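Just query03.txt here, compact mmCIF, C-alpha atoms and all ligand atoms:
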# COMPACT_ATOMS: atom_id res chain seq x y z
CA MET U 1 0.00 0.00 0.00
CA GLY U 2 1.52 3.35 -1.10
CA LEU U 3 1.68 6.57 0.88
CA CYS U 4 -1.39 7.84 -0.94
CA SER U 5 -3.38 4.78 0.09
CA LEU U 6 -2.27 5.10 3.70
CA SER U 7 -3.27 8.75 3.68
CA CYS U 8 -6.66 7.92 2.18
CA TRP U 9 -7.32 5.45 4.94
CA ARG U 10 -6.43 8.05 7.53
CA VAL U 11 -9.30 10.26 6.33
CA THR U 12 -11.76 7.76 7.66
CA MET U 13 -9.74 6.78 10.70
CA VAL U 14 -8.62 10.11 12.21
CA HIS U 15 -11.03 11.34 14.87
CA ILE U 16 -12.59 14.56 13.58
CA ASN U 17 -12.25 17.11 16.33
CA LEU U 18 -13.71 20.40 15.07
CA SER U 19 -14.88 23.55 16.83
CA LEU U 20 -18.60 24.37 16.52
CA TYR U 21 -17.76 27.02 13.90
CA GLU U 22 -15.64 24.59 11.91
CA PHE U 23 -18.31 21.90 12.25
CA CYS U 24 -20.93 24.22 10.73
CA VAL U 25 -18.67 25.51 7.95
CA LEU U 26 -16.87 22.26 7.21
CA SER U 27 -19.62 19.66 7.15
CA TYR U 28 -18.68 18.70 3.56
CA LEU U 29 -16.26 15.83 2.90
CA HIS U 30 -15.31 15.27 -0.71
CA ALA U 31 -14.74 11.52 -0.22
CA PHE U 32 -18.53 11.02 -0.44
CA HIS U 33 -18.49 12.42 -3.99
CA ALA U 34 -15.03 11.59 -5.35
CA GLY U 35 -14.99 10.42 -8.96
CA ASN U 36 -18.56 11.52 -9.70
CA HIS U 37 -19.67 13.34 -12.89
CA ALA U 38 -18.83 16.70 -11.32
CA ASP U 39 -15.23 15.62 -10.71
CA VAL U 40 -14.99 14.44 -14.31
CA ILE U 41 -15.89 17.81 -15.88
CA LYS U 42 -13.90 19.79 -13.30
CA HIS U 43 -10.75 17.70 -13.56
CA LEU U 44 -10.91 17.57 -17.37
CA CYS U 45 -11.06 21.34 -17.48
CA TRP U 46 -8.33 21.83 -14.84
CA LEU U 47 -6.02 19.47 -16.72
CA GLY U 48 -6.73 21.33 -20.00
CA VAL U 49 -5.66 24.60 -18.37
CA ILE U 50 -2.48 23.08 -16.90
CA ASN U 51 -1.59 21.40 -20.23
CA TYR U 52 -1.77 24.76 -21.95
CA LEU U 53 0.49 26.43 -19.37
CA LYS U 54 3.02 23.65 -19.93
CA LYS U 55 3.35 24.54 -23.62
CA LYS U 56 5.98 27.12 -22.63
CA GLU U 57 9.09 26.31 -20.64
CA LYS U 58 8.54 29.37 -18.43
CA PRO U 59 7.44 28.47 -14.88
CA PHE U 60 3.86 28.98 -13.79
CA THR U 61 1.93 28.84 -10.52
CA VAL U 62 -1.34 27.06 -9.83
CA TYR U 63 -3.66 27.77 -6.91
CA ASP U 64 -6.38 25.44 -5.63
CA THR U 65 -8.56 27.34 -3.15
CA HIS U 66 -10.60 24.34 -1.94
CA ALA U 67 -8.21 21.45 -2.42
CA GLY U 68 -9.78 18.63 -0.39
CA ALA U 69 -7.73 15.63 0.77
CA GLY U 70 -6.07 15.03 -2.63
CA CYS U 71 -6.69 11.29 -2.83
CA TYR U 72 -9.71 9.14 -2.03
CA ALA U 73 -9.85 5.42 -1.31
CA LEU U 74 -12.36 3.62 -3.49
CA THR U 75 -12.86 1.00 -0.79
CA GLY U 76 -13.28 3.63 1.96
CA GLU U 77 -16.58 3.88 3.80
CA GLN U 78 -17.28 7.36 2.45
CA MET U 79 -16.75 6.61 -1.25
CA GLN U 80 -18.72 3.39 -0.83
CA LYS U 81 -21.70 5.15 0.82
CA ASN U 82 -23.36 6.43 -2.38
CA ARG U 83 -20.86 5.06 -4.92
CA GLU U 84 -21.18 8.26 -6.97
CA PHE U 85 -18.14 7.24 -9.03
CA GLU U 86 -20.29 4.57 -10.69
CA THR U 87 -22.02 7.23 -12.79
CA GLY U 88 -18.87 9.34 -13.21
CA PHE U 89 -15.44 7.80 -13.62
CA VAL U 90 -16.42 4.11 -13.88
CA PRO U 91 -18.02 4.26 -17.37
CA LEU U 92 -14.84 5.98 -18.63
CA ALA U 93 -12.30 3.63 -17.09
CA GLY U 94 -10.78 1.41 -19.76
CA ILE U 95 -12.29 3.15 -22.81
CA ASN U 96 -10.19 4.01 -25.85
CA PRO U 97 -10.78 7.78 -26.05
CA GLN U 98 -10.73 9.82 -29.24
CA SER U 99 -10.38 13.20 -27.53
CA SER U 100 -6.81 14.09 -26.57
CA LEU U 101 -7.95 15.94 -23.44
CA LEU U 102 -10.00 12.95 -22.27
CA SER U 103 -7.08 10.68 -23.10
CA GLY U 104 -4.73 12.82 -20.96
CA TYR U 105 -7.24 12.81 -18.08
CA LEU U 106 -7.59 9.02 -18.21
CA ASP U 107 -3.80 8.57 -18.41
CA ALA U 108 -3.44 10.75 -15.30
CA MET U 109 -6.18 9.00 -13.35
CA THR U 110 -5.67 5.37 -14.34
CA PRO U 111 -2.58 4.61 -12.18
CA HIS U 112 -4.52 5.82 -9.11
CA TRP U 113 -7.69 4.01 -10.14
CA GLU U 114 -5.77 0.77 -10.56
CA ASN U 115 -4.59 1.35 -7.00
CA LEU U 116 -8.25 1.68 -5.94
CA GLN U 117 -8.02 5.46 -5.52
CA TYR U 118 -9.47 8.51 -7.19
CA ALA U 119 -7.03 11.44 -7.44
CA GLY U 120 -8.39 14.85 -6.47
CA SER U 121 -7.55 18.20 -8.09
CA PRO U 122 -4.32 18.90 -6.12
CA LEU U 123 -2.88 15.45 -6.82
CA LEU U 124 -3.81 15.78 -10.50
CA ALA U 125 -1.99 19.14 -10.61
CA ALA U 126 1.01 17.99 -8.55
CA ASN U 127 1.52 15.02 -10.88
CA ALA U 128 1.34 17.30 -13.93
CA LEU U 129 3.71 20.04 -12.70
CA ARG U 130 7.34 20.27 -13.75
CA ALA U 131 10.34 21.04 -11.54
CA GLN U 132 10.17 24.77 -12.43
CA ASP U 133 6.46 25.17 -11.56
CA ASN U 134 4.78 26.22 -8.30
CA ALA U 135 1.58 25.28 -6.54
CA HIS U 136 -0.45 26.50 -3.57
CA PHE U 137 -3.11 24.11 -2.33
CA MET U 138 -5.47 25.52 0.31
CA GLU U 139 -7.78 23.50 2.51
CA LEU U 140 -9.59 24.68 5.65
CA HIS U 141 -10.67 21.33 7.10
CA PRO U 142 -7.93 20.29 9.55
CA THR U 143 -8.04 16.55 8.84
CA GLU U 144 -8.36 16.97 5.08
CA SER U 145 -5.48 19.43 5.12
CA GLU U 146 -3.32 17.04 7.15
CA VAL U 147 -4.01 14.19 4.72
CA LEU U 148 -3.39 16.46 1.73
CA THR U 149 0.01 17.42 3.15
CA GLN U 150 1.02 13.76 3.22
CA VAL U 151 -0.42 13.00 -0.22
CA ILE U 152 1.41 15.92 -1.82
CA ARG U 153 4.65 15.20 0.02
CA GLY U 154 4.77 11.88 -1.83
CA VAL U 155 4.61 13.42 -5.32
CA ALA U 156 5.69 17.08 -5.18
CA LYS U 157 8.24 18.02 -7.84
CA GLY U 158 8.22 21.79 -8.00
CA ASN U 159 7.78 24.41 -5.33
CA THR U 160 4.57 23.06 -3.82
CA HIS U 161 2.83 24.29 -0.68
CA VAL U 162 -0.17 22.99 1.24
CA HIS U 163 -1.86 25.67 3.35
CA HIS U 164 -4.32 24.97 6.14
CA ARG U 165 -6.28 28.18 5.61
CA ASP U 166 -9.34 29.80 4.07
CA GLY U 167 -8.85 29.52 0.32
CA LEU U 168 -10.68 32.72 -0.61
CA GLU U 169 -8.60 34.75 1.81
CA GLY U 170 -5.45 32.79 0.86
CA VAL U 171 -5.73 33.28 -2.88
CA ILE U 172 -5.89 37.05 -2.43
CA ALA U 173 -2.86 36.98 -0.12
CA LEU U 174 -0.81 34.75 -2.44
CA THR U 175 -1.54 36.33 -5.83
CA PRO U 176 -0.22 37.49 -8.18
CA PRO U 177 2.69 35.08 -8.57
CA SER U 178 5.99 36.73 -9.44
CA ALA U 179 5.97 35.53 -13.07
CA LYS U 180 2.24 36.37 -13.44
CA ARG U 181 1.67 33.09 -15.33
CA GLY U 182 -0.71 30.61 -13.86
CA ALA U 183 -4.21 29.51 -13.01
CA ILE U 184 -6.64 29.20 -10.13
CA LEU U 185 -9.17 26.47 -9.42
CA ILE U 186 -12.08 27.55 -7.22
CA ASP U 187 -14.10 24.53 -6.13
CA PRO U 188 -16.12 25.33 -3.00
CA PRO U 189 -18.62 22.94 -1.42
CA TYR U 190 -21.44 25.54 -1.73
CA GLU U 191 -22.79 24.33 1.61
CA ARG U 192 -23.64 27.92 2.55
CA LEU U 193 -25.65 30.37 0.44
CA ASN U 194 -23.16 33.19 1.06
CA GLU U 195 -20.47 31.33 -0.91
CA TYR U 196 -22.31 32.35 -4.09
CA GLU U 197 -21.59 35.98 -3.17
CA ALA U 198 -18.14 35.57 -1.64
CA ILE U 199 -16.75 33.92 -4.79
CA PRO U 200 -17.53 36.69 -7.29
CA THR U 201 -16.15 39.22 -4.79
CA THR U 202 -12.93 37.20 -4.56
CA ILE U 203 -12.68 36.79 -8.35
CA ARG U 204 -13.00 40.54 -8.85
CA LYS U 205 -10.23 41.14 -6.30
CA ILE U 206 -7.97 38.57 -8.01
CA LEU U 207 -8.49 40.16 -11.43
CA GLN U 208 -7.73 43.64 -10.07
CA ARG U 209 -4.28 42.45 -8.95
CA TRP U 210 -3.68 39.85 -11.70
CA ALA U 211 -5.62 40.70 -14.86
CA ALA U 212 -4.42 37.65 -16.83
CA ALA U 213 -5.23 35.03 -14.18
CA GLN U 214 -6.85 31.99 -15.74
CA ILE U 215 -9.67 31.02 -13.39
CA VAL U 216 -11.69 27.80 -13.35
CA LEU U 217 -14.79 28.09 -11.18
CA TRP U 218 -16.83 24.94 -10.63
CA TYR U 219 -20.56 25.27 -9.83
CA PRO U 220 -23.50 22.89 -9.28
CA LEU U 221 -26.69 22.92 -11.34
CA LEU U 222 -29.50 22.56 -8.82
CA SER U 223 -33.23 22.01 -9.24
CA GLY U 224 -36.01 23.42 -7.06
CA ARG U 225 -35.35 20.74 -4.44
CA ALA U 226 -32.30 22.77 -3.41
CA GLY U 227 -34.61 25.57 -2.19
CA ARG U 228 -32.87 28.97 -2.10
CA LYS U 229 -29.76 27.54 -3.76
CA ALA U 230 -31.70 26.68 -6.94
CA GLY U 231 -30.65 29.17 -9.61
CA ALA U 232 -27.83 30.59 -7.45
CA SER U 233 -25.08 29.24 -9.74
CA GLU U 234 -26.74 30.71 -12.82
CA ALA U 235 -27.04 34.08 -11.06
CA MET U 236 -23.38 33.92 -9.98
CA VAL U 237 -22.17 33.15 -13.52
CA SER U 238 -24.36 35.84 -15.03
CA GLY U 239 -23.04 38.35 -12.48
CA LEU U 240 -19.48 37.44 -13.44
CA SER U 241 -20.14 38.23 -17.10
CA ASN U 242 -19.31 41.87 -16.40
CA VAL U 243 -15.80 41.37 -14.99
CA GLY U 244 -14.51 42.46 -18.40
CA LYS U 245 -12.71 39.22 -19.25
CA THR U 246 -13.19 36.59 -21.90
CA SER U 247 -15.03 33.64 -20.41
CA PHE U 248 -17.09 30.59 -21.26
CA THR U 249 -19.02 27.94 -19.39
CA ALA U 250 -18.97 24.19 -19.98
CA GLU U 251 -21.78 22.16 -18.42
CA LEU U 252 -22.48 18.46 -18.06
CA ARG U 253 -26.12 17.58 -17.38
CA VAL U 254 -26.74 14.08 -16.08
CA ALA U 255 -30.49 14.23 -15.46
CA ASP U 256 -33.52 16.26 -16.47
CA LYS U 257 -34.10 19.38 -14.44
CA HIS U 258 -37.23 18.81 -12.38
CA LEU U 259 -38.10 19.38 -8.78
CA ASP U 260 -36.85 16.04 -7.52
CA THR U 261 -33.50 15.88 -9.29
CA GLY U 262 -31.47 17.97 -6.82
CA MET U 263 -28.07 18.34 -8.49
CA TYR U 264 -28.84 17.53 -12.11
CA GLY U 265 -25.38 18.42 -13.36
CA SER U 266 -22.58 20.89 -12.95
CA GLY U 267 -20.44 23.31 -14.84
CA VAL U 268 -17.20 25.19 -14.97
CA MET U 269 -16.80 28.84 -15.79
CA VAL U 270 -13.39 29.55 -17.31
CA ILE U 271 -12.22 33.16 -17.13
CA ASN U 272 -9.31 34.15 -19.43
CA PRO U 273 -9.47 30.66 -20.97
CA PRO U 274 -6.50 29.23 -22.84
CA TRP U 275 -6.76 29.16 -26.61
CA GLN U 276 -8.98 26.33 -27.91
CA LEU U 277 -9.87 24.96 -24.47
CA ASP U 278 -13.53 25.40 -25.44
CA ALA U 279 -13.07 23.15 -28.48
CA GLN U 280 -11.07 20.58 -26.50
CA LEU U 281 -13.71 20.46 -23.76
CA HIS U 282 -16.50 20.27 -26.33
CA GLU U 283 -14.92 17.19 -27.91
CA ALA U 284 -14.06 15.57 -24.55
CA LEU U 285 -17.49 16.20 -22.99
CA ASP U 286 -19.30 14.94 -26.09
CA GLU U 287 -17.41 11.67 -25.71
CA VAL U 288 -17.94 11.58 -21.93
CA SER U 289 -21.69 12.09 -22.42
CA LYS U 290 -21.91 9.12 -24.79
CA HIS U 291 -20.26 6.86 -22.24
CA LEU U 292 -22.24 8.18 -19.25
CA GLY U 293 -25.60 7.36 -20.81
CA PRO U 294 -28.52 8.57 -22.95
CA SER U 295 -29.75 11.14 -20.45
CA VAL U 296 -26.35 12.88 -20.28
CA SER U 297 -25.53 15.92 -22.39
CA SER U 298 -23.05 18.76 -22.44
CA THR U 299 -22.96 22.37 -23.61
CA ILE U 300 -20.34 25.07 -24.07
CA ASN U 301 -21.49 28.70 -23.98
CA TRP U 302 -19.40 31.81 -24.36
CA VAL U 303 -20.26 34.30 -21.62
CA LYS U 304 -17.98 36.95 -23.12
CA LYS U 305 -15.95 36.48 -26.27
CA GLU U 306 -13.67 39.51 -26.27
CA SER U 307 -11.68 40.93 -23.36
CA ASN U 308 -12.08 44.64 -22.55
CA SER U 309 -8.71 44.80 -20.85
C1 LIG O 1 -15.46 20.17 -3.40
S1 LIG O 1 -14.27 19.85 -2.19
C2 LIG O 1 -12.75 20.03 -3.03
C3 LIG O 1 -12.45 18.96 -4.02
C4 LIG O 1 -11.16 19.14 -4.78
N1 LIG O 1 -11.04 20.47 -5.34
C5 LIG O 1 -11.05 18.12 -5.89
O1 LIG O 1 -11.53 18.41 -7.00
O2 LIG O 1 -10.47 17.06 -5.67
C6 LIG O 1 -14.32 21.34 -1.24
C7 LIG O 1 -13.31 21.40 -0.12
O3 LIG O 1 -13.26 22.74 0.36
C8 LIG O 1 -13.00 22.70 1.75
N2 LIG O 1 -13.38 24.03 2.26
C9 LIG O 1 -14.59 24.48 2.65
N3 LIG O 1 -14.53 25.80 2.92
C10 LIG O 1 -13.26 26.19 2.68
C11 LIG O 1 -12.58 27.42 2.72
N4 LIG O 1 -13.21 28.55 3.09
N5 LIG O 1 -11.28 27.46 2.37
C12 LIG O 1 -10.61 26.33 2.00
N6 LIG O 1 -11.20 25.13 1.94
C13 LIG O 1 -12.50 25.06 2.26
C14 LIG O 1 -13.79 21.54 2.25
O4 LIG O 1 -13.27 21.08 3.48
C15 LIG O 1 -13.60 20.54 1.10
O5 LIG O 1 -12.50 19.71 1.34
Output the file's structure as structure tokens, nothing else.
Ligand SMILES: C[S@@+](CC[C@H](N)C(=O)[O-])C[C@H]1O[C@@H](n2cnc3c(N)ncnc32)[C@H](O)[C@@H]1O
Amino acid sequence: MGLCSLSCWRVTMVHINLSLYEFCVLSYLHAFHAGNHADVIKHLCWLGVINYLKKKEKPFTVYDTHAGAGCYALTGEQMQKNREFETGFVPLAGINPQSSLLSGYLDAMTPHWENLQYAGSPLLAANALRAQDNAHFMELHPTESEVLTQVIRGVAKGNTHVHHRDGLEGVIALTPPSAKRGAILIDPPYERLNEYEAIPTTIRKILQRWAAAQIVLWYPLLSGRAGRKAGASEAMVSGLSNVGKTSFTAELRVADKHLDTGMYGSGVMVINPPWQLDAQLHEALDEVSKHLGPSVSSTINWVKKESNS
């Protein structure tokens, strides 16, 4: 059993000792959802952004504001609870993909999957980085952050840091990077309604200090069952259309939107997207949809085609 596996097991074994505040804010554990359809679209997009940055030898810096534990044990109690990976990564494992982005994603994930693990966004990034690159992974949950530290220690090549801190506060403090080349993944749990307001505020602050930041923002698509959260993602994305930057959304819908569906899909908004990422995602998501089933579909929509800056 590798270090990553040991760390994954610790997530379920370490006694979770949180303050009342932390308990309320940090009730989400990604292990219950690892490898689901939302991870597929998010990780495909994040890998596409990193691949593009690697086209130049110049170093870059990636930031992950809500990094999670980094690696999740397939056999762990939490992943087994709802087995969400069965309608996400499982139908893709072992296929012979046509899309180069999907092929790269499967190449990155397969060694972990064969080890009965699903790799989270920081592990995906850490594996992809080169010696000259930098990474800041932020995670507020104490146990998740502790596990992430161990997971990343096993693979880190470049200048890689795990921070036990608030990611929205941290990304402001740590940007811009000195070379001003890089990207940010914002992947909150959206457990609280005020996250839908805090994120646009943070994105505006980032862009004021680092106009060229490439930002990937993941969001859920929620039906009426989600109460006040239904429609909140759409409002957040629409509000971000006026930040003055080129941006598009890619969405993967896995069910029809009706009252009972809850989360019927999810999307990523990419601000300052790399050239042709929209086309790469379109091709990859088309292929993903075919494998995930007849009720699955994807769309790409430009929010703003030309940058004002
Ligand atoms: C959706 S999960 C992250 C999954 C990860 N990005 C991936 O794709 O593998 C969200 C994470 O954010 C953490 N979190 C919640 N609020 C946070 C905050 N304010 N700052 C940093 N992390 C936070 C949660 O503990 C959880 O681990």
Next item on the list: Find, counting only C-alpha atoms, the residue in U:Leu74, U:Lys304, U:Pro273, U:Met263 that gets nearest to Trp46 of chain U.
Entry: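 So, comparing all the options, the nearest one is U:Pro273.
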Within 7 Å of ligand LIG 1 (chain O), which residues of chain U come that close, and what is the closest atom pair and distance in Å for each? Count only C-alpha atoms and all ligand atoms and give it as JSON lines.
{"residue": "U:Val25", "atom": "CA", "partner": "O:LIG1", "partner_atom": "N3", "distance": 6.5}
{"residue": "U:Leu26", "atom": "CA", "partner": "O:LIG1", "partner_atom": "O4", "distance": 5.3}
{"residue": "U:Tyr28", "atom": "CA", "partner": "O:LIG1", "partner_atom": "C14", "distance": 5.8}
{"residue": "U:Leu29", "atom": "CA", "partner": "O:LIG1", "partner_atom": "O5", "distance": 5.6}
{"residue": "U:His30", "atom": "CA", "partner": "O:LIG1", "partner_atom": "S1", "distance": 4.9}
{"residue": "U:Asp39", "atom": "CA", "partner": "O:LIG1", "partner_atom": "O1", "distance": 5.9}
{"residue": "U:Lys42", "atom": "CA", "partner": "O:LIG1", "partner_atom": "O1", "distance": 6.9}
{"residue": "U:His43", "atom": "CA", "partner": "O:LIG1", "partner_atom": "O1", "distance": 6.6}
{"residue": "U:Asp64", "atom": "CA", "partner": "O:LIG1", "partner_atom": "N1", "distance": 6.8}
{"residue": "U:Thr65", "atom": "CA", "partner": "O:LIG1", "partner_atom": "C12", "distance": 5.6}
{"residue": "U:His66", "atom": "CA", "partner": "O:LIG1", "partner_atom": "O3", "distance": 3.9}
{"residue": "U:Ala67", "atom": "CA", "partner": "O:LIG1", "partner_atom": "N1", "distance": 4.2}
{"residue": "U:Gly68", "atom": "CA", "partner": "O:LIG1", "partner_atom": "O5", "distance": 3.4}
{"residue": "U:Ala69", "atom": "CA", "partner": "O:LIG1", "partner_atom": "O5", "distance": 6.3}
{"residue": "U:Gly70", "atom": "CA", "partner": "O:LIG1", "partner_atom": "O2", "distance": 5.7}
{"residue": "U:Ala119", "atom": "CA", "partner": "O:LIG1", "partner_atom": "O2", "distance": 6.8}
{"residue": "U:Gly120", "atom": "CA", "partner": "O:LIG1", "partner_atom": "O2", "distance": 3.1}
{"residue": "U:Ser121", "atom": "CA", "partner": "O:LIG1", "partner_atom": "O2", "distance": 4.0}
{"residue": "U:Pro122", "atom": "CA", "partner": "O:LIG1", "partner_atom": "O2", "distance": 6.4}
{"residue": "U:Met138", "atom": "CA", "partner": "O:LIG1", "partner_atom": "C12", "distance": 5.5}
{"residue": "U:Glu139", "atom": "CA", "partner": "O:LIG1", "partner_atom": "N6", "distance": 3.8}
{"residue": "U:Leu140", "atom": "CA", "partner": "O:LIG1", "partner_atom": "N6", "distance": 4.1}
{"residue": "U:His141", "atom": "CA", "partner": "O:LIG1", "partner_atom": "O4", "distance": 4.5}
{"residue": "U:Glu144", "atom": "CA", "partner": "O:LIG1", "partner_atom": "O5", "distance": 6.2}
{"residue": "U:Arg165", "atom": "CA", "partner": "O:LIG1", "partner_atom": "C12", "distance": 5.9}
{"residue": "U:Asp166", "atom": "CA", "partner": "O:LIG1", "partner_atom": "N5", "distance": 3.5}
{"residue": "U:Gly167", "atom": "CA", "partner": "O:LIG1", "partner_atom": "N5", "distance": 3.8}
{"residue": "U:Leu168", "atom": "CA", "partner": "O:LIG1", "partner_atom": "N5", "distance": 6.1}
{"residue": "U:Asp187", "atom": "CA", "partner": "O:LIG1", "partner_atom": "N1", "distance": 5.1}
{"residue": "U:Pro188", "atom": "CA", "partner": "O:LIG1", "partner_atom": "C6", "distance": 4.7}
{"residue": "U:Pro189", "atom": "CA", "partner": "O:LIG1", "partner_atom": "C6", "distance": 4.6}
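Distances here use only C-alpha atoms; by that measure, the residue among U:Gly262, U:Gly244, U:Gly170, U:Pro274 closest to Ile50 of chain U is U:Pro274.
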Check: Within 8 Å of Gly265 of chain U, counting all atoms listed in the file, which residues qualify if same-chain residues fewer than 3 places away don't, as a ChimeraX atom specification?
Finding: /U:37-38,220-222,251-255
Next item on the list: Taking the point (-16.8, 6.4, -20.6) as given in the file, collect each protein or nucleic acid residue that comes within 9 Å of it, counting all atoms listed in the file, and present the set as a PyMOL selection string.
Entry: chain U and resi 88-97+287-293
Give me a file of those residues, with C-alpha atoms, as a PDB file, keeping the file's coordinate frame.
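Generated output (result.pdb):
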ATOM      1  CA  GLY U  88     -18.870   9.340 -13.210  1.00  0.00           C
ATOM      2  CA  PHE U  89     -15.440   7.800 -13.620  1.00  0.00           C
ATOM      3  CA  VAL U  90     -16.420   4.110 -13.880  1.00  0.00           C
ATOM      4  CA  PRO U  91     -18.020   4.260 -17.370  1.00  0.00           C
ATOM      5  CA  LEU U  92     -14.840   5.980 -18.630  1.00  0.00           C
ATOM      6  CA  ALA U  93     -12.300   3.630 -17.090  1.00  0.00           C
ATOM      7  CA  GLY U  94     -10.780   1.410 -19.760  1.00  0.00           C
ATOM      8  CA  ILE U  95     -12.290   3.150 -22.810  1.00  0.00           C
ATOM      9  CA  ASN U  96     -10.190   4.010 -25.850  1.00  0.00           C
ATOM     10  CA  PRO U  97     -10.780   7.780 -26.050  1.00  0.00           C
ATOM     11  CA  GLU U 287     -17.410  11.670 -25.710  1.00  0.00           C
ATOM     12  CA  VAL U 288     -17.940  11.580 -21.930  1.00  0.00           C
ATOM     13  CA  SER U 289     -21.690  12.090 -22.420  1.00  0.00           C
ATOM     14  CA  LYS U 290     -21.910   9.120 -24.790  1.00  0.00           C
ATOM     15  CA  HIS U 291     -20.260   6.860 -22.240  1.00  0.00           C
ATOM     16  CA  LEU U 292     -22.240   8.180 -19.250  1.00  0.00           C
ATOM     17  CA  GLY U 293     -25.600   7.360 -20.810  1.00  0.00           C
TER      18      GLY U 293
END
Note to self: Between atom CA of Ala125 of chain U and atom CA of Ile199 of chain U, what distance in Å does the model show, to one decimal?
What the structure shows: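 Computed distance, atom CA of Ala125 of chain U to atom CA of Ile199 of chain U, equals 21.7 Å.
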Checklist line | Separation of atom CA of Gly76 of chain U from atom CA of Lys229 of chain U, in Å and rounded to one decimal | finding: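 Atom CA of Lys229 of chain U lies 29.6 Å from atom CA of Gly76 of chain U.
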Next item on the list: Have a look at U:Phe137, U:Tyr219, U:Tyr72, U:Trp113 and name the one nearest to Ser266 of chain U; count all atoms listed in the file.
Entry: U:Tyr219
Item checked: Gap from atom CA of Met79 of chain U to atom CA of Met236 of chain U - Å, one decimal ->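 One can read the atom CA of Met79 of chain U to atom CA of Met236 of chain U distance as 29.4 Å.
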Item checked: Nearby residues (all atoms listed in the file) at most 10 Å from Ala179 of chain U, same-chain spacing under 3 positions excluded, as JSON, numbers by chain -> {"U": [58, 59, 60, 61, 176, 182]}
Checklist line | U:Ser233, U:Asn242, U:Thr175, U:Ser247 ranked by distance to Arg209 of chain U, top pick (using all atoms listed in the file) | finding: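 Closest residue, counting all atoms listed in the file: U:Thr175.
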Next item on the list: List every protein, DNA or RNA residue that has at least one atom no more than 7 Å from (-35.2, 19.6, -3.5) in the file's coordinates, counting all atoms listed in the file, and write the result as a PyMOL selection string.
Entry: chain U and resi 223-227+259-260+262
Margin query: Calculated over only C-alpha atoms, which of the candidates U:Val147, U:Ala198, U:Leu123, U:Leu129 has the smallest distance to Leu53 of chain U?
Written below: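 Answer, going by the shortest atom-to-atom distance: U:Leu129.
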Check: Can you tell me, as JSON, numbers by chain, what residues are no more than 7 Å from Glu84 of chain U when counting all atoms listed in the file, ignoring any on the same chain fewer than 3 positions away?
Finding: {"U": [33, 35, 36, 87, 88]}
Could you model N, CA, C and O atoms for segment 117-126 of chain U and present them as a PDB file, in the coordinates of the input?
ATOM      1  N   GLN U 117      -7.923   4.089  -6.018  1.00  0.00           N
ATOM      2  CA  GLN U 117      -8.020   5.460  -5.520  1.00  0.00           C
ATOM      3  C   GLN U 117      -8.517   6.370  -6.641  1.00  0.00           C
ATOM      4  O   GLN U 117      -8.277   6.097  -7.814  1.00  0.00           O
ATOM      5  N   TYR U 118      -9.177   7.452  -6.230  1.00  0.00           N
ATOM      6  CA  TYR U 118      -9.470   8.510  -7.190  1.00  0.00           C
ATOM      7  C   TYR U 118      -8.636   9.730  -6.772  1.00  0.00           C
ATOM      8  O   TYR U 118      -8.655  10.134  -5.614  1.00  0.00           O
ATOM      9  N   ALA U 119      -7.899  10.286  -7.730  1.00  0.00           N
ATOM     10  CA  ALA U 119      -7.030  11.440  -7.440  1.00  0.00           C
ATOM     11  C   ALA U 119      -7.838  12.730  -7.506  1.00  0.00           C
ATOM     12  O   ALA U 119      -8.553  12.968  -8.476  1.00  0.00           O
ATOM     13  N   GLY U 120      -7.702  13.563  -6.480  1.00  0.00           N
ATOM     14  CA  GLY U 120      -8.390  14.850  -6.470  1.00  0.00           C
ATOM     15  C   GLY U 120      -7.593  15.912  -7.219  1.00  0.00           C
ATOM     16  O   GLY U 120      -6.487  15.651  -7.726  1.00  0.00           O
ATOM     17  N   SER U 121      -8.159  17.133  -7.272  1.00  0.00           N
ATOM     18  CA  SER U 121      -7.550  18.200  -8.090  1.00  0.00           C
ATOM     19  C   SER U 121      -6.098  18.524  -7.701  1.00  0.00           C
ATOM     20  O   SER U 121      -5.268  18.727  -8.600  1.00  0.00           O
ATOM     21  N   PRO U 122      -5.722  18.552  -6.408  1.00  0.00           N
ATOM     22  CA  PRO U 122      -4.320  18.900  -6.120  1.00  0.00           C
ATOM     23  C   PRO U 122      -3.342  17.800  -6.530  1.00  0.00           C
ATOM     24  O   PRO U 122      -2.234  18.092  -6.985  1.00  0.00           O
ATOM     25  N   LEU U 123      -3.777  16.553  -6.421  1.00  0.00           N
ATOM     26  CA  LEU U 123      -2.880  15.450  -6.820  1.00  0.00           C
ATOM     27  C   LEU U 123      -2.740  15.437  -8.347  1.00  0.00           C
ATOM     28  O   LEU U 123      -1.640  15.228  -8.881  1.00  0.00           O
ATOM     29  N   LEU U 124      -3.847  15.692  -9.042  1.00  0.00           N
ATOM     30  CA  LEU U 124      -3.810  15.780 -10.500  1.00  0.00           C
ATOM     31  C   LEU U 124      -2.806  16.871 -10.924  1.00  0.00           C
ATOM     32  O   LEU U 124      -1.953  16.659 -11.788  1.00  0.00           O
ATOM     33  N   ALA U 125      -2.897  18.023 -10.278  1.00  0.00           N
ATOM     34  CA  ALA U 125      -1.990  19.140 -10.610  1.00  0.00           C
ATOM     35  C   ALA U 125      -0.552  18.796 -10.228  1.00  0.00           C
ATOM     36  O   ALA U 125       0.371  18.991 -11.027  1.00  0.00           O
ATOM     37  N   ALA U 126      -0.365  18.281  -9.018  1.00  0.00           N
ATOM     38  CA  ALA U 126       1.010  17.990  -8.550  1.00  0.00           C
ATOM     39  C   ALA U 126       1.694  16.986  -9.463  1.00  0.00           C
ATOM     40  O   ALA U 126       2.884  17.114  -9.756  1.00  0.00           O
TER      41      ALA U 126
END
